[in-house]
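Working notes for the structure below.
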Protein chains: 2
Amino acid sequence: MSNALALLTPADSAACCSPLSAQPLTVEQAERVAPLMKALADPVRLRLMSLIASHDGGEACVCDLNGAFELSQPTISHHLKVLHKAGLVNRDKRGVWVYYRARPQALAAIGALTGCTPI
Amino acid sequence: MSNALALLTPADSAACCSPLSAQPLTVEQAERVAPLMKALADPVRLRLMSLIASHDGGEACVCDLNGAFELSQPTISHHLKVLHKAGLVNRDKRGVWVYYRARPQALAAIGALTGCTPI
DNA sequence: ATAAGACATCGATGGCTGTCAATATAGATG
DNA sequence: CATCTATATTGACAGCCATCGATGTCTTAT
């Protein structure tokens with residue numbers, strides 16, 4: 001699981017706001033960010049990510065998430081796997097339960113392109 | 001072409017940074033942002049958007065864009081159409097040439113979720 | 001050991017997507 | 001009008017994706 005987060009050098013980030021508008025993205029930058037955005041570009045996964053990130057401690061149990069959707073348990077499991085493979089969430093099994101924790105750096109990597117980078 | 005940009009109320013934006021982590025997205029919010037992100041979640045379209053946004057005057061002629069990729073002209077045309085339908089760029093035909101112009105509000109709508117909202 | 005619960009994986013299916021070659025459209029120019 | 005150039009549309013194809021039911025795995029409880 002290589003990390004897709006080292007997207008921008010400090011110099012890039014200095015070009016606040018929207019580096020995407022500051023200068024053309026390199027092929028490499030585009031190919032690193034696109035999978036992140038793709039993983040998040042789904043209503044269910046956006047809500048999952050938001051539910052996890054806004055939950056107490058920045059993490060949520062799958063048992064909390066399944067009930068929030070009118071989708072089968074395997075489908076939710078699939079979406080969580082996509083988020084996990086993209087590096088947007090960490091997975092932590094504790095006893096019978098599995099907790100997913102948001103990785104703010106991953107979100108920031110997208111925000112760094114489309115919005116304003118804090119620092 | 002309904003506008004997909006009125007994503008967050010001023011109250012939402014006040015919750016800087018990463019509203020996605022502040023409270024769970026509503027179904028409606030998620031369904032409005034996801035198509036925007038989906039349109040941008042492709043390496044070619046990310047570069048197209050960046051080329052357009054960073055070009056002089058925030059707009060670029062298709063003739064400038066075709067040469068930047070090793071893809072057929074119809075394929076670039078297709079990707080521009082996707083960006084246009086998502087509301088990420090405006091289309092302006094002037095004579096024989098077509099200019100695409102970035103809509104910063106659209107980018108900001110994504111940045112507002114994943115990063116920090118300026119104002 | 002057996003059963004029950006939490007979550008993941010598998011296999012299938014219908015729909016969407018990126019790409020191209022071929023063709024169409026429309027404006028400019030001779 | 002005929003032609004050239006810039007861009008879009010069409011049709012086809014291979015590959016990916018969201019979803020489900022069925023099943024597997026692992027952990028705890030009885």
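Identifiers in the structure tokens: chain A, B, ... in order shown; residue index from 1 per chain; ligand index from 1 in order shown.
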- Query: Hey, what's within 12 Å of C:DT25 if we count only C-alpha atoms (C1' of nucleotides) and toss same-chain stuff fewer than 2 positions away? As a list of chain:residue names, please?
  - Reply: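 Here the qualifying residues turn out to be B:Val96, C:DT23, C:DG27, D:DA6, D:DT7, D:DA8, D:DT9.
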- Would you kindly return, as a PyMOL selection string, each protein, DNA or RNA residue with an atom no farther than 9 Å from any atom of A:Gln29, considering only C-alpha atoms (C1' of nucleotides) and excluding same-chain residues fewer than 2 positions away? (chain A and resi 7-8+25-27+31-34) or (chain B and resi 43+47)
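Within 6 Å of chain A, counting only C-alpha atoms, chain B contributes Leu20, Ser21, Ala22, Gln23, Pro24, Leu25, Ala30, Glu31, Ala34, Met37, Lys38, Ala41, Asp42, Pro43, Arg47, Ser50, Leu51, Ala53, Ser54, Leu107, Ala108, Gly111, Thr114, Gly115 and Cys116 of chain B.
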- Using only C-alpha atoms (C1' of nucleotides), find the residues of chain D whose closest atom to chain A is at most 9 Å away, then write them as a VMD selection string. chain D and resid 18 to 20 26 to 28
Present chain B as a tab-separated table (two decimals) with N, CA and C atoms, in the first residue's frame, least-squares fitted onto chain A over all of its C-alpha atoms paired in order.
```tsv
chain	number	residue	atom	x	y	z
B	1	MET	N	0.86	-1.27	-0.35
B	1	MET	CA	0.01	-0.06	-0.28
B	1	MET	C	0.88	1.20	-0.26
B	2	SER	N	1.31	1.62	-1.44
B	2	SER	CA	2.14	2.82	-1.48
B	2	SER	C	1.32	4.04	-1.10
B	3	ASN	N	1.98	5.02	-0.54
B	3	ASN	CA	1.19	6.17	-0.11
B	3	ASN	C	1.05	7.18	-1.21
B	4	ALA	N	-0.17	7.58	-1.40
B	4	ALA	CA	-0.52	8.46	-2.53
B	4	ALA	C	-0.60	9.90	-2.07
B	5	LEU	N	0.04	10.19	-0.96
B	5	LEU	CA	-0.23	11.47	-0.32
B	5	LEU	C	0.84	12.52	-0.56
B	6	ALA	N	2.04	12.09	-0.89
B	6	ALA	CA	3.10	13.07	-1.10
B	6	ALA	C	2.92	13.72	-2.46
B	7	LEU	N	1.84	14.49	-2.55
B	7	LEU	CA	1.43	14.98	-3.85
B	7	LEU	C	2.11	16.27	-4.22
B	8	LEU	N	2.29	17.09	-3.24
B	8	LEU	CA	2.78	18.42	-3.53
B	8	LEU	C	4.00	18.73	-2.68
B	9	THR	N	4.96	19.33	-3.28
B	9	THR	CA	6.11	19.79	-2.51
B	9	THR	C	5.69	21.02	-1.71
B	10	PRO	N	6.47	21.39	-0.70
B	10	PRO	CA	6.17	22.63	0.02
B	10	PRO	C	6.01	23.82	-0.92
B	11	ALA	N	6.81	23.83	-1.97
B	11	ALA	CA	6.72	24.93	-2.94
B	11	ALA	C	5.35	24.95	-3.61
B	12	ASP	N	4.86	23.76	-3.93
B	12	ASP	CA	3.53	23.68	-4.51
B	12	ASP	C	2.50	24.27	-3.57
B	13	SER	N	2.56	23.82	-2.32
B	13	SER	CA	1.56	24.25	-1.36
B	13	SER	C	1.59	25.74	-1.12
B	14	ALA	N	2.75	26.31	-1.30
B	14	ALA	CA	2.87	27.76	-1.09
B	14	ALA	C	1.97	28.51	-2.07
B	15	ALA	N	1.75	27.89	-3.22
B	15	ALA	CA	0.93	28.55	-4.24
B	15	ALA	C	-0.54	28.41	-3.89
B	16	CYS	N	-0.94	28.93	-2.78
B	16	CYS	CA	-2.32	28.92	-2.32
B	16	CYS	C	-3.06	30.00	-3.11
B	17	CYS	N	-4.24	29.89	-3.61
B	17	CYS	CA	-5.17	28.80	-3.54
B	17	CYS	C	-5.31	28.12	-4.90
B	18	SER	N	-5.72	26.87	-4.81
B	18	SER	CA	-5.93	26.05	-5.99
B	18	SER	C	-4.70	25.93	-6.87
B	19	PRO	N	-3.72	25.14	-6.44
B	19	PRO	CA	-2.52	24.89	-7.23
B	19	PRO	C	-2.88	24.40	-8.63
B	20	LEU	N	-4.02	23.79	-8.73
B	20	LEU	CA	-4.48	23.33	-10.03
B	20	LEU	C	-4.57	24.49	-11.02
B	21	SER	N	-4.83	25.68	-10.51
B	21	SER	CA	-4.92	26.85	-11.38
B	21	SER	C	-3.61	27.60	-11.48
B	22	ALA	N	-2.67	27.23	-10.65
B	22	ALA	CA	-1.42	27.98	-10.61
B	22	ALA	C	-0.50	27.60	-11.77
B	23	GLN	N	-0.36	26.29	-11.97
B	23	GLN	CA	0.42	25.84	-13.14
B	23	GLN	C	-0.08	24.45	-13.51
B	24	PRO	N	0.18	24.05	-14.75
B	24	PRO	CA	-0.34	22.75	-15.18
B	24	PRO	C	0.18	21.62	-14.29
B	25	LEU	N	-0.68	20.72	-13.93
B	25	LEU	CA	-0.26	19.53	-13.21
B	25	LEU	C	0.65	18.70	-14.09
B	26	THR	N	1.64	18.07	-13.48
B	26	THR	CA	2.44	17.11	-14.24
B	26	THR	C	1.63	15.83	-14.41
B	27	VAL	N	2.08	15.03	-15.36
B	27	VAL	CA	1.42	13.74	-15.56
B	27	VAL	C	1.45	12.95	-14.26
B	28	GLU	N	2.59	13.00	-13.58
B	28	GLU	CA	2.75	12.21	-12.35
B	28	GLU	C	1.80	12.69	-11.27
B	29	GLN	N	1.70	14.00	-11.11
B	29	GLN	CA	0.77	14.52	-10.11
B	29	GLN	C	-0.64	14.07	-10.41
B	30	ALA	N	-1.05	14.23	-11.67
B	30	ALA	CA	-2.41	13.88	-12.05
B	30	ALA	C	-2.68	12.40	-11.78
B	31	GLU	N	-1.68	11.57	-12.05
B	31	GLU	CA	-1.90	10.13	-11.89
B	31	GLU	C	-1.87	9.71	-10.42
B	32	ARG	N	-1.34	10.58	-9.58
B	32	ARG	CA	-1.36	10.25	-8.15
B	32	ARG	C	-2.67	10.71	-7.50
B	33	VAL	N	-3.19	11.86	-7.94
B	33	VAL	CA	-4.41	12.38	-7.30
B	33	VAL	C	-5.66	11.71	-7.83
B	34	ALA	N	-5.67	11.41	-9.12
B	34	ALA	CA	-6.90	10.89	-9.74
B	34	ALA	C	-7.47	9.68	-8.99
B	35	PRO	N	-6.64	8.70	-8.61
B	35	PRO	CA	-7.21	7.55	-7.89
B	35	PRO	C	-7.82	7.93	-6.55
B	36	LEU	N	-7.22	8.90	-5.89
B	36	LEU	CA	-7.79	9.39	-4.63
B	36	LEU	C	-9.18	9.95	-4.86
B	37	MET	N	-9.29	10.81	-5.88
B	37	MET	CA	-10.57	11.44	-6.16
B	37	MET	C	-11.58	10.40	-6.63
B	38	LYS	N	-11.10	9.45	-7.41
B	38	LYS	CA	-11.98	8.41	-7.91
B	38	LYS	C	-12.58	7.62	-6.75
B	39	ALA	N	-11.76	7.34	-5.77
B	39	ALA	CA	-12.24	6.57	-4.62
B	39	ALA	C	-13.32	7.35	-3.87
B	40	LEU	N	-13.23	8.65	-3.90
B	40	LEU	CA	-14.17	9.48	-3.15
B	40	LEU	C	-15.35	9.92	-4.01
B	41	ALA	N	-15.25	9.70	-5.31
B	41	ALA	CA	-16.27	10.24	-6.22
B	41	ALA	C	-17.47	9.32	-6.34
B	42	ASP	N	-18.06	9.03	-5.23
B	42	ASP	CA	-19.26	8.19	-5.19
B	42	ASP	C	-20.07	8.62	-3.99
B	43	PRO	N	-21.38	8.82	-4.16
B	43	PRO	CA	-22.19	9.34	-3.06
B	43	PRO	C	-22.08	8.49	-1.79
B	44	VAL	N	-22.10	7.18	-1.96
B	44	VAL	CA	-22.02	6.31	-0.79
B	44	VAL	C	-20.67	6.46	-0.09
B	45	ARG	N	-19.60	6.47	-0.88
B	45	ARG	CA	-18.28	6.56	-0.26
B	45	ARG	C	-18.04	7.94	0.33
B	46	LEU	N	-18.59	8.97	-0.29
B	46	LEU	CA	-18.49	10.31	0.30
B	46	LEU	C	-19.15	10.33	1.67
B	47	ARG	N	-20.33	9.73	1.75
B	47	ARG	CA	-21.03	9.72	3.04
B	47	ARG	C	-20.29	8.83	4.04
B	48	LEU	N	-19.77	7.71	3.57
B	48	LEU	CA	-19.00	6.85	4.47
B	48	LEU	C	-17.82	7.61	5.04
B	49	MET	N	-17.08	8.25	4.15
B	49	MET	CA	-15.90	9.02	4.57
B	49	MET	C	-16.31	10.08	5.57
B	50	SER	N	-17.41	10.75	5.30
B	50	SER	CA	-17.87	11.82	6.18
B	50	SER	C	-18.33	11.26	7.52
B	51	LEU	N	-19.04	10.13	7.48
B	51	LEU	CA	-19.49	9.50	8.71
B	51	LEU	C	-18.30	9.11	9.57
B	52	ILE	N	-17.28	8.56	8.93
B	52	ILE	CA	-16.09	8.13	9.66
B	52	ILE	C	-15.35	9.33	10.22
B	53	ALA	N	-15.12	10.30	9.35
B	53	ALA	CA	-14.30	11.46	9.75
B	53	ALA	C	-14.98	12.29	10.83
B	54	SER	N	-16.30	12.34	10.79
B	54	SER	CA	-17.00	13.19	11.74
B	54	SER	C	-17.38	12.43	13.01
B	55	HIS	N	-17.12	11.14	13.03
B	55	HIS	CA	-17.45	10.35	14.21
B	55	HIS	C	-16.46	10.64	15.33
B	56	ASP	N	-16.87	10.30	16.55
B	56	ASP	CA	-16.00	10.52	17.71
B	56	ASP	C	-14.64	9.86	17.50
B	57	GLY	N	-13.61	10.64	17.69
B	57	GLY	CA	-12.25	10.12	17.56
B	57	GLY	C	-11.82	9.91	16.13
B	58	GLY	N	-12.64	10.39	15.19
B	58	GLY	CA	-12.29	10.26	13.77
B	58	GLY	C	-12.32	8.83	13.28
B	59	GLU	N	-13.00	7.97	14.03
B	59	GLU	CA	-13.10	6.58	13.59
B	59	GLU	C	-14.50	6.07	13.87
B	60	ALA	N	-14.89	5.06	13.08
B	60	ALA	CA	-16.22	4.49	13.25
B	60	ALA	C	-16.16	3.00	13.01
B	61	CYS	N	-17.03	2.30	13.73
B	61	CYS	CA	-17.14	0.84	13.59
B	61	CYS	C	-18.05	0.54	12.40
B	62	VAL	N	-17.73	-0.52	11.68
B	62	VAL	CA	-18.57	-0.91	10.55
B	62	VAL	C	-20.01	-1.09	10.99
B	63	CYS	N	-20.17	-1.53	12.23
B	63	CYS	CA	-21.53	-1.77	12.73
B	63	CYS	C	-22.32	-0.47	12.81
B	64	ASP	N	-21.60	0.65	12.99
B	64	ASP	CA	-22.28	1.95	12.98
B	64	ASP	C	-22.64	2.37	11.56
B	65	LEU	N	-21.87	1.92	10.59
B	65	LEU	CA	-22.00	2.41	9.22
B	65	LEU	C	-23.08	1.66	8.44
B	66	ASN	N	-23.14	0.35	8.63
B	66	ASN	CA	-24.09	-0.46	7.86
B	66	ASN	C	-25.51	0.09	7.94
B	67	GLY	N	-25.89	0.51	9.13
B	67	GLY	CA	-27.27	0.95	9.34
B	67	GLY	C	-27.61	2.26	8.67
B	68	ALA	N	-26.60	3.01	8.26
B	68	ALA	CA	-26.85	4.34	7.70
B	68	ALA	C	-27.25	4.28	6.22
B	69	PHE	N	-27.20	3.10	5.63
B	69	PHE	CA	-27.48	2.98	4.19
B	69	PHE	C	-28.50	1.88	3.96
B	70	GLU	N	-29.22	2.03	2.88
B	70	GLU	CA	-30.15	0.96	2.49
B	70	GLU	C	-29.46	0.09	1.46
B	71	LEU	N	-28.31	-0.39	1.85
B	71	LEU	CA	-27.53	-1.24	0.97
B	71	LEU	C	-27.13	-2.49	1.74
B	72	SER	N	-26.82	-3.53	1.01
B	72	SER	CA	-26.44	-4.78	1.66
B	72	SER	C	-25.10	-4.61	2.38
B	73	GLN	N	-24.87	-5.47	3.34
B	73	GLN	CA	-23.62	-5.43	4.10
B	73	GLN	C	-22.40	-5.64	3.19
B	74	PRO	N	-22.44	-6.61	2.27
B	74	PRO	CA	-21.29	-6.76	1.38
B	74	PRO	C	-21.01	-5.49	0.56
B	75	THR	N	-22.03	-4.78	0.18
B	75	THR	CA	-21.81	-3.57	-0.61
B	75	THR	C	-21.08	-2.51	0.21
B	76	ILE	N	-21.48	-2.32	1.45
B	76	ILE	CA	-20.77	-1.38	2.32
B	76	ILE	C	-19.34	-1.84	2.52
B	77	SER	N	-19.17	-3.12	2.73
B	77	SER	CA	-17.82	-3.68	2.91
B	77	SER	C	-16.97	-3.39	1.68
B	78	HIS	N	-17.58	-3.52	0.53
B	78	HIS	CA	-16.87	-3.23	-0.72
B	78	HIS	C	-16.42	-1.77	-0.79
B	79	HIS	N	-17.32	-0.87	-0.44
B	79	HIS	CA	-16.99	0.55	-0.52
B	79	HIS	C	-15.89	0.90	0.49
B	80	LEU	N	-15.95	0.30	1.67
B	80	LEU	CA	-14.91	0.55	2.66
B	80	LEU	C	-13.55	0.06	2.15
B	81	LYS	N	-13.59	-1.04	1.44
B	81	LYS	CA	-12.36	-1.58	0.88
B	81	LYS	C	-11.76	-0.61	-0.14
B	82	VAL	N	-12.63	-0.02	-0.95
B	82	VAL	CA	-12.17	0.95	-1.94
B	82	VAL	C	-11.51	2.14	-1.25
B	83	LEU	N	-12.16	2.65	-0.22
B	83	LEU	CA	-11.60	3.78	0.52
B	83	LEU	C	-10.26	3.39	1.14
B	84	HIS	N	-10.20	2.17	1.65
B	84	HIS	CA	-8.98	1.70	2.30
B	84	HIS	C	-7.84	1.57	1.30
B	85	LYS	N	-8.12	0.96	0.16
B	85	LYS	CA	-7.08	0.76	-0.85
B	85	LYS	C	-6.55	2.09	-1.38
B	86	ALA	N	-7.41	3.10	-1.37
B	86	ALA	CA	-6.97	4.42	-1.85
B	86	ALA	C	-6.16	5.14	-0.78
B	87	GLY	N	-6.13	4.60	0.43
B	87	GLY	CA	-5.37	5.25	1.50
B	87	GLY	C	-6.16	6.33	2.21
B	88	LEU	N	-7.47	6.35	2.01
B	88	LEU	CA	-8.28	7.39	2.64
B	88	LEU	C	-8.67	7.03	4.06
B	89	VAL	N	-8.67	5.75	4.37
B	89	VAL	CA	-8.98	5.33	5.74
B	89	VAL	C	-8.04	4.21	6.18
B	90	ASN	N	-7.80	4.15	7.47
B	90	ASN	CA	-7.07	3.03	8.05
B	90	ASN	C	-8.06	2.01	8.61
B	91	ARG	N	-7.62	0.77	8.66
B	91	ARG	CA	-8.47	-0.31	9.11
B	91	ARG	C	-7.88	-0.87	10.40
B	92	ASP	N	-8.73	-1.05	11.40
B	92	ASP	CA	-8.24	-1.51	12.69
B	92	ASP	C	-9.23	-2.50	13.28
B	93	LYS	N	-8.85	-3.74	13.35
B	93	LYS	CA	-9.74	-4.77	13.88
B	93	LYS	C	-9.53	-4.88	15.39
B	94	ARG	N	-10.60	-4.74	16.14
B	94	ARG	CA	-10.52	-4.87	17.60
B	94	ARG	C	-11.60	-5.84	18.04
B	95	GLY	N	-11.16	-7.06	18.35
B	95	GLY	CA	-12.12	-8.10	18.69
B	95	GLY	C	-12.92	-8.46	17.47
B	96	VAL	N	-14.23	-8.47	17.63
B	96	VAL	CA	-15.09	-8.84	16.52
B	96	VAL	C	-15.33	-7.66	15.59
B	97	TRP	N	-15.06	-6.47	16.10
B	97	TRP	CA	-15.41	-5.28	15.35
B	97	TRP	C	-14.25	-4.70	14.56
B	98	VAL	N	-14.56	-4.04	13.48
B	98	VAL	CA	-13.54	-3.39	12.67
B	98	VAL	C	-13.82	-1.90	12.66
B	99	TYR	N	-12.79	-1.13	12.96
B	99	TYR	CA	-12.93	0.32	13.00
B	99	TYR	C	-12.16	0.93	11.83
B	100	TYR	N	-12.80	1.85	11.18
B	100	TYR	CA	-12.13	2.58	10.11
B	100	TYR	C	-11.86	4.00	10.60
B	101	ARG	N	-10.65	4.46	10.30
B	101	ARG	CA	-10.25	5.78	10.76
B	101	ARG	C	-9.85	6.65	9.57
B	102	ALA	N	-10.36	7.85	9.53
B	102	ALA	CA	-10.05	8.76	8.42
B	102	ALA	C	-8.59	9.19	8.45
B	103	ARG	N	-8.02	9.35	7.27
B	103	ARG	CA	-6.66	9.88	7.16
B	103	ARG	C	-6.76	11.30	6.59
B	104	PRO	N	-6.69	12.30	7.46
B	104	PRO	CA	-6.92	13.68	7.01
B	104	PRO	C	-5.92	14.11	5.95
B	105	GLN	N	-4.73	13.55	5.98
B	105	GLN	CA	-3.72	13.90	4.96
B	105	GLN	C	-4.24	13.60	3.57
B	106	ALA	N	-4.99	12.49	3.47
B	106	ALA	CA	-5.50	12.11	2.15
B	106	ALA	C	-6.52	13.13	1.66
B	107	LEU	N	-7.42	13.51	2.56
B	107	LEU	CA	-8.39	14.55	2.19
B	107	LEU	C	-7.66	15.83	1.83
B	108	ALA	N	-6.65	16.16	2.62
B	108	ALA	CA	-5.91	17.40	2.38
B	108	ALA	C	-5.25	17.38	1.01
B	109	ALA	N	-4.86	16.19	0.57
B	109	ALA	CA	-4.20	16.09	-0.73
B	109	ALA	C	-5.14	16.53	-1.84
B	110	ILE	N	-6.41	16.20	-1.69
B	110	ILE	CA	-7.39	16.65	-2.68
B	110	ILE	C	-7.68	18.14	-2.48
B	111	GLY	N	-7.86	18.51	-1.22
B	111	GLY	CA	-8.14	19.91	-0.93
B	111	GLY	C	-7.01	20.82	-1.40
B	112	ALA	N	-5.80	20.28	-1.38
B	112	ALA	CA	-4.65	21.08	-1.78
B	112	ALA	C	-4.73	21.45	-3.25
B	113	LEU	N	-5.42	20.63	-4.02
B	113	LEU	CA	-5.52	20.90	-5.44
B	113	LEU	C	-6.72	21.78	-5.76
B	114	THR	N	-7.81	21.50	-5.10
B	114	THR	CA	-9.06	22.13	-5.49
B	114	THR	C	-9.38	23.36	-4.65
B	115	GLY	N	-8.77	23.44	-3.48
B	115	GLY	CA	-9.10	24.57	-2.62
B	115	GLY	C	-7.86	25.23	-2.10
B	116	CYS	N	-7.93	25.65	-0.88
B	116	CYS	CA	-6.83	26.37	-0.28
B	116	CYS	C	-6.11	25.46	0.70
B	117	THR	N	-4.79	25.50	0.66
B	117	THR	CA	-4.01	24.68	1.57
B	117	THR	C	-3.66	25.44	2.83
B	118	PRO	N	-4.11	24.99	3.99
B	118	PRO	CA	-3.66	25.62	5.23
B	118	PRO	C	-2.24	25.15	5.52
B	119	ILE	N	-1.28	26.09	5.47
B	119	ILE	CA	0.16	25.81	5.60
B	119	ILE	C	0.70	24.95	4.48
```
- Task: From a DSSP pass on the backbone, collect the residues of stretch 42-116 of chain A flagged as helix (DSSP H, G or I) and hand them back as an MDAnalysis selection string.
- Result: chainID A and resid 43:54 56:58 62:66 73:85 104:114
Taking C-alpha atoms for each residue, export the selection above as a PDB file, in the first residue's frame.
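Dumped to selection-v3.pdb:
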```pdb
ATOM      1  CA  PRO A  43     -22.161   9.343  -3.041  1.00  0.00           C
ATOM      2  CA  VAL A  44     -22.005   6.312  -0.783  1.00  0.00           C
ATOM      3  CA  ARG A  45     -18.250   6.570  -0.247  1.00  0.00           C
ATOM      4  CA  LEU A  46     -18.466  10.319   0.316  1.00  0.00           C
ATOM      5  CA  ARG A  47     -21.015   9.713   3.051  1.00  0.00           C
ATOM      6  CA  LEU A  48     -18.994   6.828   4.484  1.00  0.00           C
ATOM      7  CA  MET A  49     -15.891   9.009   4.593  1.00  0.00           C
ATOM      8  CA  SER A  50     -17.856  11.806   6.197  1.00  0.00           C
ATOM      9  CA  LEU A  51     -19.490   9.484   8.726  1.00  0.00           C
ATOM     10  CA  ILE A  52     -16.098   8.105   9.678  1.00  0.00           C
ATOM     11  CA  ALA A  53     -14.289  11.426   9.776  1.00  0.00           C
ATOM     12  CA  SER A  54     -16.995  13.178  11.771  1.00  0.00           C
ATOM     13  CA  ASP A  56     -16.003  10.472  17.731  1.00  0.00           C
ATOM     14  CA  GLY A  57     -12.259  10.057  17.582  1.00  0.00           C
ATOM     15  CA  GLY A  58     -12.287  10.213  13.790  1.00  0.00           C
ATOM     16  CA  VAL A  62     -18.603  -0.939  10.528  1.00  0.00           C
ATOM     17  CA  CYS A  63     -21.557  -1.788  12.710  1.00  0.00           C
ATOM     18  CA  ASP A  64     -22.300   1.939  12.948  1.00  0.00           C
ATOM     19  CA  LEU A  65     -22.016   2.397   9.203  1.00  0.00           C
ATOM     20  CA  ASN A  66     -24.121  -0.463   7.844  1.00  0.00           C
ATOM     21  CA  GLN A  73     -23.634  -5.423   4.079  1.00  0.00           C
ATOM     22  CA  PRO A  74     -21.333  -6.758   1.329  1.00  0.00           C
ATOM     23  CA  THR A  75     -21.837  -3.565  -0.643  1.00  0.00           C
ATOM     24  CA  ILE A  76     -20.793  -1.386   2.286  1.00  0.00           C
ATOM     25  CA  SER A  77     -17.860  -3.690   2.879  1.00  0.00           C
ATOM     26  CA  HIS A  78     -16.867  -3.237  -0.747  1.00  0.00           C
ATOM     27  CA  HIS A  79     -16.988   0.563  -0.516  1.00  0.00           C
ATOM     28  CA  LEU A  80     -14.911   0.537   2.652  1.00  0.00           C
ATOM     29  CA  LYS A  81     -12.365  -1.598   0.878  1.00  0.00           C
ATOM     30  CA  VAL A  82     -12.150   0.943  -1.939  1.00  0.00           C
ATOM     31  CA  LEU A  83     -11.590   3.768   0.538  1.00  0.00           C
ATOM     32  CA  HIS A  84      -8.987   1.674   2.321  1.00  0.00           C
ATOM     33  CA  LYS A  85      -7.080   0.740  -0.831  1.00  0.00           C
ATOM     34  CA  PRO A 104      -6.918  13.649   7.031  1.00  0.00           C
ATOM     35  CA  GLN A 105      -3.704  13.874   4.993  1.00  0.00           C
ATOM     36  CA  ALA A 106      -5.481  12.078   2.172  1.00  0.00           C
ATOM     37  CA  LEU A 107      -8.361  14.516   2.200  1.00  0.00           C
ATOM     38  CA  ALA A 108      -5.885  17.363   2.391  1.00  0.00           C
ATOM     39  CA  ALA A 109      -4.171  16.049  -0.725  1.00  0.00           C
ATOM     40  CA  ILE A 110      -7.358  16.619  -2.664  1.00  0.00           C
ATOM     41  CA  GLY A 111      -8.088  19.895  -0.928  1.00  0.00           C
ATOM     42  CA  ALA A 112      -4.590  21.056  -1.778  1.00  0.00           C
ATOM     43  CA  LEU A 113      -5.501  20.877  -5.430  1.00  0.00           C
ATOM     44  CA  THR A 114      -9.027  22.129  -5.464  1.00  0.00           C
TER      45      THR A 114
END
```
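What chain C places within 10 Å of chain B, counting only C-alpha atoms (C1' of nucleotides), is DG18, DT19, DC20, DA21, DA26, DG27 and DA28 of chain C.
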- Task: Run DSSP on the backbone and grab whatever in chain B lands in strand (DSSP E or B); send it over as JSON, numbers by chain.
- Result: {"B": [59, 60, 61, 89, 90, 91, 92, 93, 94, 97, 98, 99, 100, 101, 102, 116]}
Could those selected residues go to a file with N, CA and C atoms, as a compact mmCIF listing (two decimals), in the first residue's frame?
```
# COMPACT_ATOMS: atom_id res chain seq x y z
N GLU B 59 -8.67 30.55 -19.57
CA GLU B 59 -9.34 29.82 -20.64
C GLU B 59 -8.31 29.34 -21.65
N ALA B 60 -8.68 28.27 -22.35
CA ALA B 60 -7.77 27.71 -23.34
C ALA B 60 -8.56 27.21 -24.53
N CYS B 61 -7.92 27.31 -25.69
CA CYS B 61 -8.52 26.82 -26.93
C CYS B 61 -8.26 25.32 -27.04
N VAL B 89 -16.35 23.57 -16.49
CA VAL B 89 -15.83 24.54 -17.47
C VAL B 89 -16.99 25.09 -18.31
N ASN B 90 -16.80 26.31 -18.77
CA ASN B 90 -17.73 26.90 -19.72
C ASN B 90 -17.18 26.74 -21.13
N ARG B 91 -18.08 26.72 -22.09
CA ARG B 91 -17.71 26.51 -23.48
C ARG B 91 -18.05 27.78 -24.25
N ASP B 92 -17.09 28.23 -25.06
CA ASP B 92 -17.30 29.48 -25.78
C ASP B 92 -16.72 29.35 -27.18
N LYS B 93 -17.58 29.31 -28.17
CA LYS B 93 -17.12 29.16 -29.55
C LYS B 93 -16.87 30.55 -30.14
N ARG B 94 -15.67 30.76 -30.65
CA ARG B 94 -15.33 32.05 -31.27
C ARG B 94 -14.73 31.74 -32.63
N TRP B 97 -12.72 28.39 -33.56
CA TRP B 97 -12.14 27.83 -32.36
C TRP B 97 -13.10 27.78 -31.19
N VAL B 98 -12.89 26.84 -30.32
CA VAL B 98 -13.71 26.72 -29.12
C VAL B 98 -12.81 26.90 -27.90
N TYR B 99 -13.23 27.79 -27.02
CA TYR B 99 -12.46 28.06 -25.81
C TYR B 99 -13.21 27.51 -24.60
N TYR B 100 -12.47 26.86 -23.76
CA TYR B 100 -13.04 26.38 -22.51
C TYR B 100 -12.48 27.22 -21.37
N ARG B 101 -13.38 27.59 -20.47
CA ARG B 101 -12.98 28.45 -19.36
C ARG B 101 -13.31 27.77 -18.04
N ALA B 102 -12.36 27.77 -17.14
CA ALA B 102 -12.57 27.12 -15.84
C ALA B 102 -13.59 27.89 -15.01
N CYS B 116 -9.77 23.52 3.03
CA CYS B 116 -10.18 24.69 3.78
C CYS B 116 -10.87 25.67 2.85
```
- Task: Using atom C1' of C:DA12 and atom C1' of D:DG11 as the two end points, give the distance in Å to one decimal.
- Result: 27.5 Å
